[in-house]
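Okay, model_24.txt now, which holds compact mmCIF, C-alpha atoms:
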```
# COMPACT_ATOMS: atom_id res chain seq x y z
CA MET A 1 108.16 -205.26 40.95
CA ILE A 2 108.73 -206.49 44.50
CA ILE A 3 108.54 -210.24 45.11
CA LEU A 4 108.74 -211.88 48.55
CA PHE A 5 109.60 -215.57 48.91
CA THR A 6 108.82 -217.38 52.16
CA GLY A 7 108.92 -220.97 53.37
CA GLY A 8 110.89 -223.26 55.66
CA SER A 9 114.60 -224.07 55.46
CA ALA A 10 115.86 -225.71 52.26
CA CYS A 11 112.48 -225.61 50.50
CA GLY A 12 114.02 -224.32 47.26
CA LYS A 13 113.52 -220.58 47.82
CA SER A 14 117.00 -219.49 46.69
CA SER A 15 117.28 -221.38 43.46
CA TYR A 16 113.73 -220.51 42.43
CA ALA A 17 114.24 -216.84 43.32
CA GLU A 18 117.49 -216.76 41.31
CA GLY A 19 115.59 -218.20 38.36
CA VAL A 20 113.09 -215.36 38.67
CA CYS A 21 115.89 -212.76 38.85
CA VAL A 22 117.69 -213.92 35.71
CA LYS A 23 114.52 -213.21 33.74
CA MET A 24 114.69 -209.61 34.97
CA PRO A 25 116.95 -206.97 33.37
CA GLU A 26 120.62 -206.46 34.27
CA PRO A 27 122.49 -205.22 36.21
CA ARG A 28 121.73 -207.83 38.88
CA TYR A 29 122.84 -207.38 42.45
CA TYR A 30 122.98 -210.12 45.04
CA ILE A 31 122.87 -208.86 48.62
CA ALA A 32 124.30 -211.48 50.94
CA ALA A 33 123.27 -210.86 54.55
CA MET A 34 124.63 -214.11 55.97
CA LYS A 35 127.77 -213.77 58.08
CA PRO A 36 130.14 -216.65 57.41
CA TYR A 37 130.20 -218.27 60.88
CA GLY A 38 132.41 -221.39 60.96
CA ALA A 39 132.77 -224.25 58.49
CA GLU A 40 129.03 -224.86 58.14
CA GLY A 41 128.40 -221.23 57.22
CA GLU A 42 131.30 -221.24 54.73
CA ALA A 43 129.95 -224.40 53.08
CA ARG A 44 126.49 -222.90 52.78
CA ILE A 45 127.84 -219.70 51.24
CA LYS A 46 130.02 -221.73 48.84
CA ARG A 47 126.95 -223.71 47.72
CA HIS A 48 124.98 -220.51 47.10
CA ARG A 49 127.95 -218.92 45.22
CA ALA A 50 128.24 -221.95 42.93
CA MET A 51 124.48 -221.80 42.30
CA ARG A 52 124.73 -218.13 41.30
CA ALA A 53 127.83 -218.49 39.10
CA GLY A 54 127.24 -217.41 35.49
CA LYS A 55 123.86 -215.80 36.28
CA GLY A 56 125.25 -212.26 36.08
CA PHE A 57 125.02 -211.24 39.73
CA GLU A 58 127.33 -208.74 41.34
CA THR A 59 127.61 -209.73 45.02
CA TYR A 60 127.33 -207.22 47.88
CA GLU A 61 128.13 -208.64 51.29
CA CYS A 62 126.07 -206.51 53.60
CA TYR A 63 125.27 -207.84 57.06
CA THR A 64 123.72 -204.72 58.62
CA GLY A 65 122.88 -201.13 57.70
CA LEU A 66 121.25 -201.85 54.34
CA LYS A 67 119.77 -198.38 54.42
CA ASP A 68 123.16 -196.96 53.38
CA LEU A 69 123.80 -199.41 50.53
CA LYS A 70 124.24 -197.73 47.13
CA PHE A 71 124.24 -199.30 43.67
CA PRO A 72 126.06 -197.82 40.63
CA GLU A 73 122.80 -197.93 38.63
CA ARG A 74 119.23 -199.13 39.00
CA GLY A 75 118.66 -202.80 38.30
CA THR A 76 117.45 -206.03 39.82
CA ALA A 77 118.39 -206.94 43.40
CA LEU A 78 118.07 -210.23 45.24
CA LEU A 79 118.20 -209.93 49.04
CA GLU A 80 119.10 -213.12 50.89
CA CYS A 81 117.76 -213.20 53.49
CA ILE A 82 115.55 -211.38 56.00
CA CYS A 83 116.19 -213.97 58.72
CA ASN A 84 119.96 -213.33 58.66
CA LEU A 85 119.59 -209.58 58.27
CA THR A 86 117.16 -209.44 61.21
CA ALA A 87 119.45 -211.53 63.43
CA ASN A 88 122.45 -209.36 62.48
CA GLU A 89 120.58 -206.15 63.24
CA MET A 90 119.12 -207.58 66.46
CA PHE A 91 122.04 -209.32 68.24
CA ASP A 92 125.62 -208.23 68.89
CA ASP A 93 128.50 -210.69 69.37
CA GLU A 94 127.98 -210.63 73.16
CA GLY A 95 124.39 -211.83 72.73
CA ASN A 96 122.79 -208.48 73.65
CA PHE A 97 119.73 -207.65 71.61
CA HIS A 98 117.41 -204.79 70.68
CA ASP A 99 114.32 -204.39 68.46
CA PRO A 100 115.62 -204.56 64.85
CA TYR A 101 112.33 -203.70 63.13
CA ASP A 102 113.17 -200.10 62.13
CA ASP A 103 116.69 -200.93 60.89
CA VAL A 104 115.48 -203.87 58.78
CA MET A 105 112.57 -201.94 57.30
CA ALA A 106 114.77 -198.88 56.55
CA GLY A 107 117.12 -201.22 54.66
CA VAL A 108 114.25 -202.76 52.69
CA GLU A 109 112.87 -199.30 51.94
CA ASN A 110 116.28 -198.22 50.56
CA LEU A 111 116.38 -201.24 48.26
CA ILE A 112 112.83 -200.58 47.06
CA ASN A 113 113.82 -196.99 46.21
CA SER A 114 117.10 -197.85 44.49
CA CYS A 115 116.06 -200.86 42.35
CA ASN A 116 113.64 -201.44 39.51
CA ASP A 117 112.98 -205.00 40.62
CA LEU A 118 113.54 -206.46 44.04
CA VAL A 119 113.34 -210.08 45.11
CA ILE A 120 113.45 -210.76 48.85
CA ILE A 121 113.90 -214.11 50.54
CA THR A 122 112.66 -214.70 54.07
CA ASN A 123 111.96 -217.71 56.24
CA ASP A 124 108.97 -218.92 58.22
CA VAL A 125 110.58 -219.26 61.66
CA GLY A 126 107.35 -219.23 63.67
CA ALA A 127 106.00 -222.71 62.94
CA GLU A 128 107.13 -224.16 66.26
CA PRO A 129 106.08 -223.64 69.87
CA VAL A 130 107.45 -220.28 71.04
CA ASN A 131 109.38 -221.35 74.10
CA TYR A 132 113.08 -220.77 73.48
CA GLY A 133 113.66 -217.99 75.98
CA GLU A 134 113.28 -214.23 75.64
CA ALA A 135 115.88 -213.54 72.94
CA THR A 136 114.74 -216.18 70.45
CA ASP A 137 111.04 -215.68 71.18
CA SER A 138 111.47 -211.95 70.47
CA TYR A 139 113.31 -212.82 67.27
CA ILE A 140 110.46 -215.10 66.12
CA ARG A 141 107.87 -212.41 66.84
CA VAL A 142 109.73 -209.57 65.11
CA MET A 143 110.37 -211.83 62.10
CA GLY A 144 106.61 -212.33 61.82
CA LYS A 145 106.02 -208.59 62.01
CA ILE A 146 108.72 -207.82 59.41
CA ASN A 147 107.45 -210.55 57.07
CA ALA A 148 103.91 -209.15 57.22
CA ALA A 149 105.18 -205.59 56.62
CA ILE A 150 107.22 -206.63 53.57
CA ALA A 151 104.35 -208.77 52.25
CA GLN A 152 102.14 -205.68 52.37
CA LYS A 153 104.62 -203.73 50.19
CA ALA A 154 105.21 -206.66 47.81
CA ASP A 155 103.48 -207.08 44.45
CA LYS A 156 103.84 -210.83 44.75
CA VAL A 157 104.24 -213.15 47.75
CA ILE A 158 105.21 -216.73 47.06
CA GLU A 159 105.42 -219.55 49.57
CA MET A 160 107.75 -222.37 48.56
CA VAL A 161 106.84 -225.91 49.58
CA ALA A 162 109.24 -228.69 48.56
CA GLY A 163 110.47 -226.58 45.64
CA VAL A 164 106.93 -225.83 44.44
CA PRO A 165 105.90 -222.16 44.35
CA ILE A 166 102.49 -221.32 45.81
CA VAL A 167 101.40 -217.79 44.95
CA ILE A 168 99.62 -216.28 47.95
CA LYS A 169 99.55 -212.67 46.74
CA ASP A 170 99.55 -211.37 43.16
CA MET A 171 98.58 -207.74 42.57
CA MET B 1 83.08 -220.96 64.01
CA ILE B 2 86.02 -219.58 62.02
CA LEU B 3 89.37 -221.23 62.71
CA VAL B 4 92.46 -219.11 62.05
CA THR B 5 95.76 -220.95 61.99
CA GLY B 6 99.34 -219.96 61.10
CA SER B 7 102.81 -219.49 62.52
CA GLU B 8 103.63 -217.32 65.52
CA ALA B 9 103.25 -213.63 64.60
CA SER B 10 101.82 -214.43 61.17
CA GLY B 11 98.99 -211.88 61.56
CA LYS B 12 96.15 -213.99 63.03
CA LYS B 13 94.98 -211.43 65.58
CA THR B 14 95.16 -208.58 63.03
CA TYR B 15 93.00 -210.69 60.73
CA VAL B 16 90.44 -211.31 63.49
CA ARG B 17 90.27 -207.54 64.05
CA SER B 18 89.60 -207.09 60.31
CA LEU B 19 86.56 -209.36 60.73
CA GLY B 20 85.11 -206.67 63.00
CA PHE B 21 85.98 -208.02 66.46
CA THR B 22 87.40 -205.69 69.10
CA ASP B 23 90.22 -206.57 71.48
CA GLU B 24 87.65 -206.61 74.32
CA GLU B 25 85.91 -209.51 72.57
CA MET B 26 89.13 -211.55 72.51
CA SER B 27 90.56 -213.69 75.29
CA TYR B 28 93.35 -216.21 75.74
CA ASP B 29 91.18 -218.07 78.26
CA PRO B 30 89.07 -220.76 76.54
CA TYR B 31 86.76 -220.87 79.58
CA SER B 32 85.89 -217.16 79.34
CA ASP B 33 82.68 -215.89 77.71
CA ALA B 34 84.59 -214.05 74.95
CA PRO B 35 83.41 -214.85 71.41
CA VAL B 36 87.02 -214.95 70.17
CA ILE B 37 89.59 -217.23 71.80
CA LEU B 38 93.23 -216.70 70.85
CA ASN B 39 96.20 -219.06 70.75
CA VAL B 40 94.45 -222.10 72.16
CA GLU B 41 97.67 -224.12 71.75
CA ARG B 42 98.88 -222.30 74.88
CA SER B 43 96.14 -223.91 76.98
CA VAL B 44 97.17 -227.32 75.69
CA PHE B 45 100.81 -226.76 76.59
CA GLU B 46 99.97 -225.30 80.01
CA ALA B 47 97.83 -228.30 80.93
CA LEU B 48 100.54 -230.72 79.85
CA ARG B 49 103.29 -228.84 81.68
CA ALA B 50 101.12 -228.90 84.81
CA ALA B 51 100.78 -232.67 84.44
CA GLU B 52 104.57 -233.03 84.46
CA GLU B 53 104.79 -232.54 88.21
CA GLU B 54 107.89 -233.24 90.18
CA GLY B 55 108.06 -236.21 92.50
CA LEU B 56 106.33 -238.60 90.12
CA THR B 57 108.01 -241.62 88.58
CA ALA B 58 108.63 -241.61 84.84
CA ASP B 59 105.73 -244.04 84.30
CA GLU B 60 103.37 -241.96 86.41
CA ARG B 61 104.35 -238.88 84.46
CA VAL B 62 103.73 -240.63 81.14
CA ALA B 63 100.31 -241.77 82.35
CA ARG B 64 99.42 -238.29 83.56
CA THR B 65 100.52 -236.49 80.38
CA GLU B 66 98.77 -239.08 78.22
CA LYS B 67 95.58 -238.59 80.23
CA ALA B 68 95.97 -234.80 80.13
CA LYS B 69 96.54 -234.95 76.39
CA ILE B 70 93.30 -236.79 75.71
CA ASN B 71 91.25 -234.93 78.32
CA GLU B 72 92.52 -231.50 77.46
CA ALA B 73 91.91 -231.76 73.72
CA ALA B 74 88.37 -233.09 74.32
CA LEU B 75 87.58 -230.46 76.97
CA LEU B 76 88.97 -227.65 74.87
CA PHE B 77 87.12 -228.81 71.80
CA GLU B 78 83.79 -228.83 73.67
CA GLN B 79 84.58 -225.40 75.02
CA LEU B 80 85.59 -223.91 71.67
CA LYS B 81 83.28 -225.41 69.10
CA ASP B 82 80.53 -222.81 69.60
CA LYS B 83 82.84 -219.76 69.66
CA LYS B 84 82.75 -217.24 66.82
CA VAL B 85 86.50 -217.34 66.11
CA VAL B 86 89.32 -219.53 67.42
CA THR B 87 93.00 -218.97 66.63
CA ILE B 88 95.68 -221.63 67.03
CA ASN B 89 99.38 -221.62 66.19
CA GLU B 90 100.84 -224.20 63.87
CA VAL B 91 103.45 -225.79 66.11
CA GLY B 92 104.22 -229.09 64.42
CA SER B 93 107.13 -228.06 62.20
CA GLY B 94 110.78 -228.25 63.13
CA VAL B 95 112.58 -230.79 65.27
CA ILE B 96 110.51 -233.01 67.55
CA PRO B 97 111.55 -231.93 71.06
CA ALA B 98 113.22 -234.27 73.54
CA ASN B 99 111.06 -232.98 76.41
CA ARG B 100 107.95 -235.13 76.77
CA ALA B 101 105.46 -232.42 77.72
CA GLU B 102 106.61 -230.26 74.78
CA ARG B 103 106.47 -233.21 72.41
CA ILE B 104 103.01 -234.33 73.48
CA GLY B 105 101.86 -230.71 73.51
CA ARG B 106 102.67 -230.37 69.83
CA GLU B 107 100.82 -233.55 69.09
CA ALA B 108 97.80 -232.52 71.15
CA SER B 109 97.75 -229.05 69.51
CA GLY B 110 97.83 -230.59 66.06
CA ARG B 111 95.00 -232.99 66.92
CA LEU B 112 92.96 -230.13 68.36
CA SER B 113 93.49 -228.14 65.14
CA VAL B 114 92.15 -231.04 63.11
CA LEU B 115 89.08 -231.38 65.36
CA LEU B 116 88.38 -227.65 65.23
CA ALA B 117 88.93 -227.45 61.46
CA LYS B 118 86.43 -230.27 60.93
CA GLU B 119 83.83 -228.40 62.97
CA ALA B 120 84.60 -224.94 61.53
CA GLU B 121 82.54 -223.29 58.78
CA GLN B 122 85.70 -221.61 57.58
CA VAL B 123 89.41 -222.34 58.05
CA VAL B 124 91.93 -219.58 57.32
CA ARG B 125 95.70 -219.92 57.29
CA MET B 126 97.81 -216.79 57.71
CA VAL B 127 101.12 -216.46 55.84
CA CYS B 128 103.06 -213.18 56.16
CA GLY B 129 99.85 -211.42 57.20
CA ILE B 130 97.93 -212.72 54.16
CA PRO B 131 94.81 -214.81 54.78
CA ILE B 132 94.56 -218.00 52.73
CA ILE B 133 91.15 -219.67 52.83
CA LEU B 134 91.69 -223.41 53.27
CA LYS B 135 88.05 -224.33 53.81
```

Full structure transcribed into structure tokens:
Amino acid sequence: MIILFTGGSACGKSSYAEGVCVKMPEPRYYIAAMKPYGAEGEARIKRHRAMRAGKGFETYECYTGLKDLKFPERGTALLECICNLTANEMFDDEGNFHDPYDDVMAGVENLINSCNDLVIITNDVGAEPVNYGEATDSYIRVMGKINAAIAQKADKVIEMVAGVPIVIKDM
Amino acid sequence: MILVTGSEASGKKTYVRSLGFTDEEMSYDPYSDAPVILNVERSVFEALRAAEEEGLTADERVARTEKAKINEAALLFEQLKDKKVVTINEVGSGVIPANRAERIGREASGRLSVLLAKEAEQVVRMVCGIPIILK
């Protein structure tokens, strides 16, 4: 089963998705794609770690190259999140960027092939005027393309609004 | 008229193609004869940016953008209401921008969406490439 969660920032995607994962069989893997940048990033990661504590997740910090990630056995994986993974694959530390579509999708494909159940969290970053300059505008567009491609592979797509799940695809 | 809304790159144009329209039948220009007009929020923003001309006082600029806001939405609505399909981006989420033309553009786009949705026989919202029928 592949489930995709979308929605805006802080709409309750993570905690709801974790709740879904704990109902799925162990082992459970948590794939953290967020690089800890500065105090704000650390605080965010700390909050997510505390939320996951005691839920039986083994954490894999994996910022790029998900296509090479290997698990000791098949289980349930939670990938958080496509917006960080895409940014990591797209930009280097000097601010140069390239099209990350193939790298992100190869990573997702690897997870699909190596897990029994996969829960993916993404973000709706396109609900604003696209006028941030070339780099960010390209990021917004490729995020849309990646989200649609994953949604097509997913058995379920759920949009979270204020912590309420709205099922928009259920095979 | 069918109104298709959604975020940037949410699959609106792909959906319009699935309705049987070819790319030749689509245009970004609301004043063209094409039966499908895409991303009409762009026309709203362009008109408002044009109204923010240099050399005007702040008050003059406010008056011009306000006038452009009202005129543009009304003109565009008249132009679009008899089209087969209209697509418009949802642009009202996120932080309200400090720049006046951008701010008013979001407002005018939202208002235009409401007008078009009221007129439309069907309203579809795209999320991750999936059409959700709102009306």

Show me, as a list in words, the residues that have an atom within 8 Å of stretch 37-53 of chain A when counting only C-alpha atoms, minus same-chain residues fewer than 4 positions from it.
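The contact residues come out as Ser15, Glu18 and Phe57 of chain A.
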
Near-A:Thr76 list (8 Å; only C-alpha atoms; drop same-chain fewer than 5 positions) as a PyMOL selection string:
chain A and resi 21+24-29+115-119

Identify every residue of chain A that has at least one atom within 7 Å of any atom of chain B, counting only C-alpha atoms, and report the result as a list in words.
Gly126, Ala127, Glu128, Pro129, Arg141, Gly144, Lys145, Asn147, Ala148 and Ala151 of chain A

Å distance separating atom CA of B:Ala74 from atom CA of B:Ala47, one decimal place
12.5 Å

Grab all the atoms of stretch 128-134 of chain B that the file lists, wrap them in a box along x, y and z, add 6 Å per side, and give me centre plus edge lengths in Å (one decimal) as lines of an AutoDock Vina configuration file.
```
center_x = 97.1
center_y = -217.4
center_z = 55.0
size_x = 23.9
size_y = 24.0
size_z = 16.5
```

Neighbours of stretch 31-37 of chain B within 6 Å (all atoms listed in the file; same-chain residues fewer than 6 positions away dropped), as a PDB file with C-alpha atoms, in the coordinates of the input?
```pdb
ATOM      1  CA  GLU B  25      85.910-209.510  72.570  1.00  0.00           C
ATOM      2  CA  LYS B  83      82.840-219.760  69.660  1.00  0.00           C
ATOM      3  CA  LYS B  84      82.750-217.240  66.820  1.00  0.00           C
ATOM      4  CA  VAL B  85      86.500-217.340  66.110  1.00  0.00           C
ATOM      5  CA  VAL B  86      89.320-219.530  67.420  1.00  0.00           C
TER       6      VAL B  86
END
```

Kindly give the distance, in Å, that separates atom CA of B:Arg111 and atom CA of B:Lys13, rounded to a single decimal.
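Straight-line distance from atom CA of B:Arg111 to atom CA of B:Lys13 works out to 21.6 Å.
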
If I take atom CA of B:Ile2 and atom CA of B:Ala108, how far is one from the other in Å, to one decimal?
19.7 Å

List as a ChimeraX atom specification the protein and nucleic acid residues near A:Thr86, meaning an atom at most 12 Å away when all atoms listed in the file are counted, but skip any in the same chain fewer than 5 places from it.
/A:33-35,63-66,80-81,91-92,97-108,122-123,125,136,138-147

Can you pull out every residue within 9 Å of A:Val167, counting only C-alpha atoms, but drop anything in the same chain fewer than 6 positions away, and send it as a PDB file with C-alpha atoms, in the coordinates of the input?
```
ATOM      1  CA  LYS A 156     103.840-210.830  44.750  1.00  0.00           C
ATOM      2  CA  VAL A 157     104.240-213.150  47.750  1.00  0.00           C
ATOM      3  CA  ILE A 158     105.210-216.730  47.060  1.00  0.00           C
ATOM      4  CA  GLU A 159     105.420-219.550  49.570  1.00  0.00           C
ATOM      5  CA  MET A 160     107.750-222.370  48.560  1.00  0.00           C
TER       6      MET A 160
END
```

Counting only C-alpha atoms, I want the residues whose atoms come within 12 Å of (81.8, -224.8, 62.4) in the file frame, returned as a list in words.
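In the file's frame, the residues around the point are Met1, Ile2, Leu3, Phe77, Leu80, Lys81, Asp82, Lys83, Lys84, Val85, Val86, Leu115, Leu116, Ala117, Lys118, Glu119, Ala120, Glu121, Gln122, Val123 and Lys135 of chain B.
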
Quick one: write out the picked residues with C-alpha atoms as a CSV table (one decimal), keeping the file's coordinate frame?
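Written out: out-v9.csv:
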```
chain,number,residue,atom,x,y,z
B,1,MET,CA,83.1,-221.0,64.0
B,2,ILE,CA,86.0,-219.6,62.0
B,3,LEU,CA,89.4,-221.2,62.7
B,77,PHE,CA,87.1,-228.8,71.8
B,80,LEU,CA,85.6,-223.9,71.7
B,81,LYS,CA,83.3,-225.4,69.1
B,82,ASP,CA,80.5,-222.8,69.6
B,83,LYS,CA,82.8,-219.8,69.7
B,84,LYS,CA,82.8,-217.2,66.8
B,85,VAL,CA,86.5,-217.3,66.1
B,86,VAL,CA,89.3,-219.5,67.4
B,115,LEU,CA,89.1,-231.4,65.4
B,116,LEU,CA,88.4,-227.6,65.2
B,117,ALA,CA,88.9,-227.4,61.5
B,118,LYS,CA,86.4,-230.3,60.9
B,119,GLU,CA,83.8,-228.4,63.0
B,120,ALA,CA,84.6,-224.9,61.5
B,121,GLU,CA,82.5,-223.3,58.8
B,122,GLN,CA,85.7,-221.6,57.6
B,123,VAL,CA,89.4,-222.3,58.0
B,135,LYS,CA,88.0,-224.3,53.8
```
